[in-house]
Each structure stands twice: as structure tokens, then as C-alpha cells.
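Beneath this line is the structure, given in C-alpha cells, with notes to follow.
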Amino acid sequence: MKLSVCIKQVPDVSAPISIKDGTLSQDSDRMVLDAYSASAVEEALVLTEKHGGEVQVVLVGPEKAKETIRKALAMGAASGVHIQVDDISGLDSSAFAEILAAWHKKSEYDAILTGKQSQDTDAGLTGGMLAWSLELPFAANAVGLEFENGSFIVKRQGDSGQEMVELKAPCLITCSNDMNDPRIPSLKGIMQSKRKPVETVTPADLGVDIASLSSDSKTERTGFKEVPGREPGKKFEGEAEEMVSNLMNLLENEAKVL
Amino acid sequence: MSIETLAPPTLGFDLSQDQQLIKESIRDFVEQRVAPTVMERDESCEFPHDIVSELADMNMLGIYHDEKYGGAGFDTVSFAIVLEEIARWDASLALTVASHTSLCSAHIALAGNEEQKMKYLSQLTTGEKLGAWALTEPGSGSDASNMKTTAVRDGDNWILNGAKIFITQGSVGGIFVVLAVTDREQGAKGVTAFILEEGMKGFSHGPKLKKLGMNSSDTCEIYMEDVVVPAENQLGELGHGFIDTMKILDGGRIGIGSIAVGIARGAFEESKKYAMERSQFGRPIGQNQAIQWKIVDMGVNIDAARLLVQRAAWLKDNDRPYTKEASMAKLFSSEMCTQACLEAIQIHGGYGYTKEYHVERFLRDAKLLEIGEGTSEVQRMVLARQLIK
């Protein structure tokens, strides 16, 4: 079984961020493996440990993102593919899906696993768009995954409950971070990760024009705003009768819930 | 001259990708597995066999030892990083890892022959056995020439008699490095190291010592009554025990310095958090300059200490002399750590004096670091010899 896991490098959620004049500023030194991607890697490792095969991780990002590939290799993935894009700030979900689709059209796999979203934008679109591009059977928000008789049995979390979906290989599954606890790399894993192969390719190698992907982006980011602080609640004072009367008036005329 | 022929830069502060990954791994492990239960262990004084075994699975018990003997093959800087991360939450556990790795295992790695390394070091690096290192006696600490434990040659064996005190992993250890006098006339040059194993006839330990802090680290006395130790368990050359011990203590001091940086970072982070949560007179106390200056001083001192510790570790990794630097790192870090913990309690006020918060434990744990592996006074003696010539 060959599983391809699309992973992403994201800013450390505990690193401070600030917004100035509509622009987001964050500590670009503190970048980590996206938690949803980590769950996808873990699930892929568990499946291959059980059924044999190997896990390859694929990442789109700048040179610095190689450290995140190494983290996935230290967890146990066998090899990595680094699709090097120095500036990913102009790429939206659709652009990521297009680049990843170009790579996967040239490679072999039984299943592609991705996070159901990533911690930076939480858009949650790339997995579905990639499945559409590659015309693959698709299940989103997986919380469990098994492999039986050439098919992947996905337990997915829906709004009102869980459902079981059978997908014939090859297919694409997006993983929830509730799926598992991603393993922490051991020192030997870190040591071995240095000896594992990482192939670096450019979008041009895959026939993707990165400049037009950025300029023809389907989404336009207009700016960032701070989440407004909560306004303080209203405090009533006076006699009980007066307070109830005030409250009823506000519920009826201001909140209009009565 | 082309640029390639210029000497490479020799001063840099970036961690390597390996060191960064190690830091992330141990931090995740400590936050998930160690931090949630640290208060319970401080109260129960129980040794955390389960957590130590998980650390072994992550190869954290032989960080800088050779891969040939089961070690992870990383460097001393990585070791310092790991100890800081563990000590951030649980200094007792960090002390266990430090003494196991940089005292017992390091002595066998330094002075052991191939057979001894294959047999003993391999069991230590994989965590199959825990290691203890026995130098201090009830009547002699840093003045090792007053050592009373003796080893007398008897055919193919040595017969050991004596007692050692304050032995970390004294009751949970499986492999012990014990220093003993083999020739009283020779003074410090008449001390030799031996490898002892738990279960040898006449080799026993006392009850766990009740201490101010470092409660879940295992500390006790060990006793040797006519213990028959095979001659092949002599560690290093005859009469070289004390010379090797000095080298081991240099390395040990990097470990103690790292633990001090870790505890102080805990004091700093907990204080910062509390100062922003605790409001008095209508605003967080962290907005008062009196509190801000305390936190700022902690931050500056922690950085200074970490730089001293990592410099000593870097020198050791590059096979350069580091006695002076390790001693400076240990002295400065341990004293600044106690001060940081005192200030952390002050910032926490009455709550800081209770066991509801971590900072009182930090202070109790910190004090040991000014004492163990050479007191601050001994460090100043060592440094006086180095600095005033």
C-alpha cells in the first residue's frame, strides 16, 4: 500500500500575531507541522504498520518548510516530496489543489490523505478540490480509517452523527484531528530522518505556472481585522419591579426576542 | 581569494535542525505526559517508572552516547536542551535523566573498555537498567581524598567495603559506578572506579532519603559489605578513578546548569501568566512596574545562563577544554535559578506560598542545584584556580 499524505507548514498557534493597517504580522521563525496534517500522517503510519507499504509526504512551501518534512520523516514516513514555492502568500486553496494535483497525476498511490483543513486559514477546501481535480472518490472529516479487501473504510463525522463510507482505491480522505494522537518523534526517528530521501521539485517541473496561479487567484484577500472585544453586559440597578420592567422592555423592543 | 577559502563563521546562535526537532519532541512529550501529574509526584515522592520507560522508548536515556552502544548519537547541546525542557515542569525527572546519562553512563563511556561498554553502557542507553554514580560519602563530599570506601584485591576479584550517601537512583538503579580507595598512600591518585550491579552479595541500599525538594528523584545511601567485584569490573586504570571523576563532574555541571535554566524558565513563564491574570486595584499586577522589572530581570538572567550552559556544551562537543566554562555555567545558573524562584513566589503572593501553584516546588527543587555536583563555594574554588593564576 502506498499512501501519499499532503502536509502543510503553519505558524505556531502559540506564537504571537498582530494586525497593523489590515496586514497580518507573525513570527515566521516559529513554524510547525499543521495539527490536522500530523493526524493524517499518524493515520497513514498506523495503516502501513498494519497492512505493509509506505508513506510519502508531499508539501508545498518555501525552503524553510523542509524542516516540517523532516518532522514527518522523523515520525516514520519513508520519503518526502518538497514542491518548492518560495512565496505561498498569494496561493489560495484552489492553487494548492492545482499544484498538488499536478504532482499526483505523475505519481502512484492507493490513497491520498490530507488534513480536513489547516490551522492557518481553516479554509478546509484543498482536500475536496484535489479529489475533484484527480476525479477520486472522496470522504471528508474522517475520525477513523480501516483498509479491507482493497477498499478504505472511512468513519466520518457528520453534523448529526458518524457514518461509515467505503471508498475504492485510489481515493482521497481528509482527516480530523480527533482521529488520533500523533506520535512524538523519538531521537532515533530524528536521526533516521536525515537518511531518508526528499525529492525537491518546482511547480514549473510539474507544468504549473505559479505566477499566473497567484495573479489569477480565485479569491482576493481584502485585509485582516482584529476580532472585536466583547461589549460589557447591561447591569440593572434599583427595585426588583423596576429591574424586571427594564429587562422586559429591552427583550421586547431592543433584542426583539419576545 | 575566493569566498570558499575564508574561515567559516565560528560564532552562531541558531539551533541545528536536529536540535530544533529534539526540542519540539521533548517539549510535546513533557507537556502531554509529564506536566499534568508533576504535583502528585512531588506529594507522593514516588519514582515515575512509567514515564522513565517512555523516555527510554524515545531514546532520551542515551542522548549523546554512541549509537554503537545503543545511544542516540546526538550532542551535548541537545542533552542540555532536553534537560531544560524536562526541568521546566519536573526537575526531579530531569535530575534522573541527568545523573543517569552524564554521571554513570558517561563514566563507563569515558573509562570503560569495549567489553564493559557493550555489556553495561548498552543496557543504560536503552533504559533496560538505570544508572547510579557513587562518589559522596557521609564524611566526604568534594574532598574525595578523605574517602573511606575501600577496594582490596583478592585474586581475580576486588573486595569492596564502605558506604556512600546522596546516591541518585540508589534504590532504583541496576548499574552502579562506585569510587573506592585502592591505595591509601597515593591520596587522590589511589582512588579507582568499579562497576557494581544490583543484587551483588553484600551490596544494599538504605531507605529513600526525605528531602526538601526533588521529591520524585530517588536518593538514598548504599552500603558495601565485603562485596566481591570481579577484576574485569574495574573501570578505567588503577588509581585513575579520581582523575576520571573530575572529567565526569565537568560534564555533570552542564546538566545541573541546564536543569537550573529549565526551572527558572518555569518560574518566569508561570509568573508572567499569573501577573496578567491577577488583578488588584482594577488592573492586572503585570501592568505595575514593580512586577514588570522582576519578570524582566528573570528573563535576562535566564538568557545569560542558557548562553553559558550552551557554550560549555558546545566546547565539550568540539573536544575543547570546558572545565572553567562548565563551572561558570553551573554556578551562575543555579544561583540565578534560586533567585528567580524566590521572585516568582513574591509575584504570586500568598498563592505562591501554597502547593496549589508550581512556584513553591520550583524553589524547593532549585536549592539542590546550588549544592549537588559541587556547591557554589566549590565552584568558586575551581574558578579561582582557573581565573587567578
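Lettering and numbering for the C-alpha cells are positional, with chains as A, B, ... in the shown order, residues counted from 1 in each chain, and ligands counted from 1 in the shown order.
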Next on the checklist: At a cut-off of 8 Å, using only C-alpha atoms, what residues contact region 112-128 of chain A? Leave out same-chain residues fewer than 4 positions from it and give the result as number ranges by chain.
Outcome noted: A: 3-8, 10-11, 13, 34-41, 44, 93-94, 96-97, 132, 138, 140-142, 170-177
Checklist entry - So which residues touch Tyr223 (chain B) within 6 Å, counting only C-alpha atoms, skipping near sequence neighbours fewer than 6 positions away, as a list in words? => result Ala163, Phe203, Ser204 and His205 of chain B
Checklist entry - Among region 9-244 of chain A, which ones does DSSP place in helix (DSSP H, G or I), written as a PyMOL selection string? => result chain A and resi 35-51+63-75+93-105+126-134+187-193+204-206+210-215+240-244
Next on the checklist: What's around region 269-272 of chain B at 7 Å? Count only C-alpha atoms, leave out sequence neighbours fewer than 3 positions away in its own chain, and write the answer as a ChimeraX atom specification.
Outcome noted: /B:265-266,275-276,295,344,347-348
Checklist entry - Counting only C-alpha atoms, which residues from chain A have an atom at most 9 Å from any atom of chain B, and could you show them as a PyMOL selection string? => result chain A and resi 67+70-71+74+184-191+194
Next on the checklist: Report as a ChimeraX atom specification all protein, DNA and RNA residues lying within 9 Å of region 352-366 of chain B, evaluated on only C-alpha atoms, omitting residues in the same chain fewer than 3 positions from it.
Outcome noted: /B:39,42,89-92,212-215,259-260,263-264,266-267,270-271,334-335,337-342,344-349,369-370
Item to check | Distance of CA of Gln162 (chain A) from CA of Val143 (chain A), expressed in Å to one decimal place | outcome: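 Distance between the two atoms: 8.7 Å.
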Item to check | Residue with smallest distance to Ser215 (chain A) - pool A:Ala131, A:Ala101, A:Leu247, A:Leu91, counting only C-alpha atoms | outcome: A:Leu91
Checklist entry - Do you have the CA of Ile159 (chain B)-CA of Leu209 (chain B) distance handy? => result 26.8 Å
Next on the checklist: Among region 93-303 of chain B, which residues does DSSP mark as strand (DSSP E) when it is run on the backbone? Keep the chain and numbering as in the structure and answer as JSON, numbers by chain.
Outcome noted: {"B": [131, 132, 133, 134, 150, 151, 152, 153, 154, 157, 158, 159, 160, 161, 162, 163, 164, 165, 166, 167, 168, 175, 176, 177, 178, 179, 180, 181, 191, 192, 193, 194, 195, 196, 197, 203, 204, 205, 206, 207, 208, 219, 220, 221, 222, 223, 224, 225, 226, 227, 228, 229, 230, 234, 235, 279, 280, 283, 284]}
Checklist entry - In Å, with one decimal, what is the gap from CA of Gln310 (chain B) to CA of Gly374 (chain B)? => result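 Between these atoms lies a distance of 19.3 Å.
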